[in-house]
Amino acid sequence: ETEWIESPHGWEDEDEEEDNEHNSMDSFFDNPDPRDSFHFQVVTQNKDDDTPPSSTSKTIKVAGFKLDSNETAKSTGVTLWHGSTPLAKYIMMNSTEYIKDRNVMELGAGLGLVGIVAHCLGAKQTVLTDGDTNTLKKMRENVKHNFDNGDDDTKNTISCRQLLWGNENSQSLKDAYGTFDTILASDVIYTPTSIDPLFDTVVTFLKKPHGRFLLSWFTRVNGVTIDTVLDAAKCRNLDWTETKEGIYIFVLGQDK
């Protein structure tokens, strides 16, 4: 793997200054007590023709750092951003359509919550990805913590891999896993220069013609607008809808 750290301005030139101080992410990071953990209850519906419907639940715990910590200022993925929980809830409520028995990839997975939830909801294969070295370490610890039962099926169906958007290692990952029915991402856009690499990566890994890319984007900083994001999607022939929960769902459009 490549040693790489994503700071809040990781896609920008180091000497570049933000014009709008109000939008700077630096104001987030001033809490001296860094450690934190986050919990999410996954409820799965069990439907069998021979038995009455029932449900089971599992509490997911992911460990990381507080949003306003110095650790998050250095590596953005080591906290749970605001968009993760809404996306986790959405795929739980719509697991049959997007997750169950499907190949699922999470981009910028961070601590791994959304991808771990997808695995619990019955994804055929779940690949959690991030580019940041520190983040991958925390992600792998969280996957191990939640599924450390020696189950070979778990080991074979959920994995954590480094993926630098727009980088040549996209092809090696595609060779290993193929394309995906569903791609997930939450709060992964912090700077304008990250938008094109994100959508290039989505188009590379999205299964044609019916794959879906679900984007939860609740933390908007550094002057990035939704119009800029949607323009980038349009340039790559991606159509989209927005759910009432604020999740953007992208699909490859028909060839003109």
# chains A, B, ... in the order shown; residues from 1 in each chain; ligands from 1
call {"tool": "closest_atom_pairs", "arguments": {"of": "segment 87-161 of chain A", "to": "segment 182-191 of chain A", "cutoff": "6 Å", "atoms": "only C-alpha atoms", "output": "CSV"}}
result
residue,atom,partner,partner_atom,distance
A:Val104,CA,A:Thr182,CA,4.9
A:Met105,CA,A:Ile183,CA,4.8
A:Glu106,CA,A:Leu184,CA,4.6
A:Leu107,CA,A:Ala185,CA,5.2
A:Gly108,CA,A:Val188,CA,6.0
call {"tool": "write_last_selection", "arguments": {"atoms": "C-alpha atoms", "output": "compact mmCIF listing (two decimals), in the first residue's frame"}}
result
# COMPACT_ATOMS: atom_id res chain seq x y z
CA VAL A 104 -21.12 -3.58 -2.53
CA MET A 105 -18.23 -1.12 -2.39
CA GLU A 106 -17.85 1.81 0.00
CA LEU A 107 -15.65 4.72 -1.09
CA GLY A 108 -13.96 6.82 1.57
call {"tool": "closest_atom_pairs", "arguments": {"of": "segment 39-95 of chain A", "to": "segment 200-222 of chain A", "cutoff": "10 Å", "atoms": "only C-alpha atoms", "output": "JSON lines"}}
result
{"residue": "A:Trp81", "atom": "CA", "partner": "A:Thr219", "partner_atom": "CA", "distance": 7.4}
{"residue": "A:His82", "atom": "CA", "partner": "A:Phe218", "partner_atom": "CA", "distance": 6.0}
{"residue": "A:Gly83", "atom": "CA", "partner": "A:Phe218", "partner_atom": "CA", "distance": 5.0}
{"residue": "A:Ser84", "atom": "CA", "partner": "A:Ser216", "partner_atom": "CA", "distance": 7.1}
{"residue": "A:Thr85", "atom": "CA", "partner": "A:Ser216", "partner_atom": "CA", "distance": 9.2}
{"residue": "A:Pro86", "atom": "CA", "partner": "A:Ser216", "partner_atom": "CA", "distance": 7.3}
{"residue": "A:Leu87", "atom": "CA", "partner": "A:Ser216", "partner_atom": "CA", "distance": 5.9}
{"residue": "A:Ala88", "atom": "CA", "partner": "A:Ser216", "partner_atom": "CA", "distance": 9.5}
{"residue": "A:Tyr90", "atom": "CA", "partner": "A:Ser216", "partner_atom": "CA", "distance": 9.6}
{"residue": "A:Ile91", "atom": "CA", "partner": "A:Leu214", "partner_atom": "CA", "distance": 9.2}
call {"tool": "residues_around", "arguments": {"residues": "segment 111-114 of chain A", "least_positions_apart": "3", "cutoff": "9 Å", "atoms": "only C-alpha atoms", "output": "number ranges by chain"}}
result
A: 38-40, 60-64, 77-80, 84-85, 87-89, 91, 106, 108, 117-119, 128-129, 135-143, 160, 184-186
call {"tool": "closest_residue", "arguments": {"among": "A:Ile247, A:Glu97, A:Asn237, A:Thr193", "to": "Gly223 of chain A", "atoms": "only C-alpha atoms"}}
result
A:Thr193
call {"tool": "select_by_dssp", "arguments": {"residues": "segment 27-237 of chain A", "states": "helix (DSSP H, G or I)", "output": "VMD selection string"}}
result
chain A and resid 27 to 28 70 to 74 76 to 78 84 to 93 95 to 98 113 to 120 133 to 147 152 to 157 169 to 177 192 to 205 226 to 235
call {"tool": "residues_around", "arguments": {"residues": "Asp227 of chain A", "least_positions_apart": "5", "cutoff": "12 Å", "atoms": "only C-alpha atoms", "output": "list of chain:residue names"}}
result
A:Pro192, A:Ile195, A:Ala232, A:Ala233, A:Lys234
call {"tool": "write_last_selection", "arguments": {"atoms": "N, CA and C atoms", "output": "PDB file, in the first residue's frame"}}
result
ATOM      1  N   PRO A 192     -13.113  21.117  -4.009  1.00  0.00           N
ATOM      2  CA  PRO A 192     -13.539  21.004  -5.419  1.00  0.00           C
ATOM      3  C   PRO A 192     -12.695  20.021  -6.219  1.00  0.00           C
ATOM      4  N   ILE A 195     -13.730  16.165  -6.588  1.00  0.00           N
ATOM      5  CA  ILE A 195     -14.990  15.756  -7.214  1.00  0.00           C
ATOM      6  C   ILE A 195     -14.751  14.906  -8.459  1.00  0.00           C
ATOM      7  N   ALA A 232     -20.514  17.452 -12.394  1.00  0.00           N
ATOM      8  CA  ALA A 232     -19.497  16.420 -12.622  1.00  0.00           C
ATOM      9  C   ALA A 232     -20.146  15.081 -12.940  1.00  0.00           C
ATOM     10  N   ALA A 233     -21.242  14.776 -12.257  1.00  0.00           N
ATOM     11  CA  ALA A 233     -21.972  13.541 -12.534  1.00  0.00           C
ATOM     12  C   ALA A 233     -22.556  13.567 -13.949  1.00  0.00           C
ATOM     13  N   LYS A 234     -23.136  14.684 -14.308  1.00  0.00           N
ATOM     14  CA  LYS A 234     -23.744  14.813 -15.639  1.00  0.00           C
ATOM     15  C   LYS A 234     -22.715  14.625 -16.744  1.00  0.00           C
TER      16      LYS A 234
END
call {"tool": "residues_around", "arguments": {"residues": "Leu164 of chain A", "least_positions_apart": "6", "cutoff": "8 Å", "atoms": "only C-alpha atoms", "output": "CSV table (one decimal) with N, CA and C atoms, in the first residue's frame"}}
result
chain,number,residue,atom,x,y,z
A,130,ASP,N,-10.5,3.1,1.4
A,130,ASP,CA,-10.1,4.4,1.7
A,130,ASP,C,-8.7,4.6,1.3
A,131,GLY,N,-8.3,5.8,1.1
A,131,GLY,CA,-6.9,6.1,0.6
A,131,GLY,C,-5.9,6.3,1.8
A,170,SER,N,-6.6,1.6,-9.1
A,170,SER,CA,-8.0,1.3,-9.4
A,170,SER,C,-8.1,0.1,-10.2
call {"tool": "closest_residue", "arguments": {"among": "A:Thr241, A:Asn156, A:Leu173, A:Pro34", "to": "Asp68 of chain A", "atoms": "only C-alpha atoms"}}
result
A:Pro34
call {"tool": "closest_residue", "arguments": {"among": "A:Val42, A:Ala73, A:Val251, A:Ala123", "to": "Glu6 of chain A", "atoms": "only C-alpha atoms"}}
result
A:Ala73
call {"tool": "decode", "arguments": {"residues": "segment 83-218 of chain A", "atoms": "C-alpha atoms", "output": "tab-separated table (two decimals), in the first residue's frame"}}
result
chain	number	residue	atom	x	y	z
A	83	GLY	CA	-23.53	11.73	6.56
A	84	SER	CA	-22.69	8.20	7.70
A	85	THR	CA	-25.66	7.49	9.95
A	86	PRO	CA	-28.32	8.72	7.47
A	87	LEU	CA	-26.81	6.49	4.77
A	88	ALA	CA	-26.63	3.51	7.12
A	89	LYS	CA	-30.29	4.02	8.03
A	90	TYR	CA	-31.28	4.37	4.39
A	91	ILE	CA	-29.65	1.15	3.24
A	92	MET	CA	-31.13	-0.66	6.24
A	93	MET	CA	-34.62	0.46	5.21
A	94	ASN	CA	-33.96	-0.40	1.56
A	95	SER	CA	-31.64	-3.38	1.88
A	96	THR	CA	-33.53	-5.60	-0.55
A	97	GLU	CA	-33.15	-3.05	-3.35
A	98	TYR	CA	-29.52	-2.05	-2.80
A	99	ILE	CA	-27.66	-4.46	-0.51
A	100	LYS	CA	-28.89	-8.02	-0.02
A	101	ASP	CA	-27.08	-10.56	-2.24
A	102	ARG	CA	-25.29	-7.74	-4.05
A	103	ASN	CA	-21.64	-6.80	-4.47
A	104	VAL	CA	-21.12	-3.58	-2.53
A	105	MET	CA	-18.23	-1.12	-2.39
A	106	GLU	CA	-17.85	1.81	0.00
A	107	LEU	CA	-15.65	4.72	-1.09
A	108	GLY	CA	-13.96	6.82	1.57
A	109	ALA	CA	-15.26	4.34	4.13
A	110	GLY	CA	-13.50	5.96	7.08
A	111	LEU	CA	-14.19	4.03	10.27
A	112	GLY	CA	-16.24	1.56	8.23
A	113	LEU	CA	-19.73	1.99	9.69
A	114	VAL	CA	-21.72	2.01	6.45
A	115	GLY	CA	-19.82	-0.89	4.91
A	116	ILE	CA	-20.11	-2.94	8.10
A	117	VAL	CA	-23.87	-2.31	8.12
A	118	ALA	CA	-24.06	-3.41	4.48
A	119	HIS	CA	-22.31	-6.66	5.37
A	120	CYS	CA	-24.76	-7.27	8.22
A	121	LEU	CA	-27.66	-6.67	5.81
A	122	GLY	CA	-26.59	-9.58	3.63
A	123	ALA	CA	-24.33	-8.15	0.96
A	124	LYS	CA	-22.79	-10.91	-1.14
A	125	GLN	CA	-19.40	-9.15	-1.07
A	126	THR	CA	-18.49	-5.93	0.74
A	127	VAL	CA	-15.29	-4.03	-0.04
A	128	LEU	CA	-14.53	-1.06	2.20
A	129	THR	CA	-12.00	1.35	0.69
A	130	ASP	CA	-10.11	4.43	1.74
A	131	GLY	CA	-6.89	6.05	0.65
A	132	ASP	CA	-5.69	7.30	4.02
A	133	THR	CA	-3.17	5.07	5.82
A	134	ASN	CA	-4.26	6.01	9.35
A	135	THR	CA	-7.91	5.56	8.44
A	136	LEU	CA	-7.35	2.08	7.00
A	137	LYS	CA	-5.77	1.00	10.27
A	138	LYS	CA	-8.82	2.11	12.28
A	139	MET	CA	-11.22	0.65	9.70
A	140	ARG	CA	-9.59	-2.78	9.86
A	141	GLU	CA	-9.66	-2.73	13.65
A	142	ASN	CA	-13.39	-1.95	13.58
A	143	VAL	CA	-14.17	-4.73	11.11
A	144	LYS	CA	-12.21	-7.19	13.24
A	145	HIS	CA	-13.94	-6.01	16.43
A	146	ASN	CA	-17.43	-6.49	14.98
A	147	PHE	CA	-16.80	-9.81	13.23
A	148	ASP	CA	-13.96	-11.45	15.15
A	149	ASN	CA	-15.65	-14.83	15.49
A	150	GLY	CA	-13.44	-16.95	13.27
A	151	ASP	CA	-16.19	-17.23	10.66
A	152	ASP	CA	-14.55	-18.05	7.33
A	153	ASP	CA	-17.61	-16.74	5.47
A	154	THR	CA	-17.12	-13.31	7.06
A	155	LYS	CA	-13.43	-13.29	6.18
A	156	ASN	CA	-14.26	-14.09	2.57
A	157	THR	CA	-17.08	-11.58	2.13
A	158	ILE	CA	-15.85	-8.36	3.76
A	159	SER	CA	-12.47	-6.75	3.15
A	160	CYS	CA	-10.69	-3.42	3.58
A	161	ARG	CA	-8.55	-2.14	0.72
A	162	GLN	CA	-6.65	1.01	-0.09
A	163	LEU	CA	-8.05	2.96	-3.01
A	164	LEU	CA	-6.72	6.33	-4.15
A	165	TRP	CA	-9.32	7.87	-6.43
A	166	GLY	CA	-8.18	8.30	-9.99
A	167	ASN	CA	-4.99	6.41	-9.21
A	168	GLU	CA	-3.61	3.53	-11.25
A	169	ASN	CA	-4.36	1.10	-8.41
A	170	SER	CA	-8.04	1.31	-9.39
A	171	GLN	CA	-7.37	-1.22	-12.14
A	172	SER	CA	-5.70	-3.74	-9.83
A	173	LEU	CA	-8.66	-3.51	-7.46
A	174	LYS	CA	-11.07	-3.92	-10.37
A	175	ASP	CA	-9.13	-6.96	-11.55
A	176	ALA	CA	-9.49	-8.48	-8.07
A	177	TYR	CA	-13.16	-7.69	-7.40
A	178	GLY	CA	-14.78	-6.68	-10.67
A	179	THR	CA	-17.57	-4.11	-10.72
A	180	PHE	CA	-20.20	-3.48	-8.07
A	181	ASP	CA	-23.98	-3.45	-7.97
A	182	THR	CA	-23.96	-0.73	-5.31
A	183	ILE	CA	-21.36	1.88	-4.42
A	184	LEU	CA	-21.76	3.83	-1.18
A	185	ALA	CA	-20.15	7.06	0.01
A	186	SER	CA	-20.89	9.50	2.83
A	187	ASP	CA	-19.34	12.94	3.38
A	188	VAL	CA	-16.41	12.25	1.08
A	189	ILE	CA	-16.33	15.63	-0.73
A	190	TYR	CA	-14.33	18.31	1.05
A	191	THR	CA	-12.65	20.23	-1.78
A	192	PRO	CA	-13.54	21.00	-5.42
A	193	THR	CA	-10.53	19.08	-6.71
A	194	SER	CA	-11.76	15.80	-5.19
A	195	ILE	CA	-14.99	15.76	-7.21
A	196	ASP	CA	-13.64	14.61	-10.59
A	197	PRO	CA	-11.50	11.79	-9.14
A	198	LEU	CA	-14.51	10.62	-7.11
A	199	PHE	CA	-16.82	10.31	-10.11
A	200	ASP	CA	-14.09	8.85	-12.32
A	201	THR	CA	-13.73	6.12	-9.69
A	202	VAL	CA	-17.48	5.59	-9.49
A	203	VAL	CA	-17.74	5.12	-13.26
A	204	THR	CA	-14.80	2.69	-13.18
A	205	PHE	CA	-16.37	0.41	-10.57
A	206	LEU	CA	-20.12	0.75	-11.17
A	207	LYS	CA	-21.70	-2.28	-12.80
A	208	LYS	CA	-23.40	-1.53	-16.11
A	209	PRO	CA	-26.21	-0.92	-16.78
A	210	HIS	CA	-28.07	-1.15	-13.46
A	211	GLY	CA	-25.48	-0.31	-10.80
A	212	ARG	CA	-26.31	2.41	-8.28
A	213	PHE	CA	-24.12	4.97	-6.50
A	214	LEU	CA	-25.57	6.23	-3.22
A	215	LEU	CA	-24.07	9.49	-1.94
A	216	SER	CA	-24.86	10.95	1.48
A	217	TRP	CA	-23.44	14.47	1.68
A	218	PHE	CA	-24.29	16.34	4.85
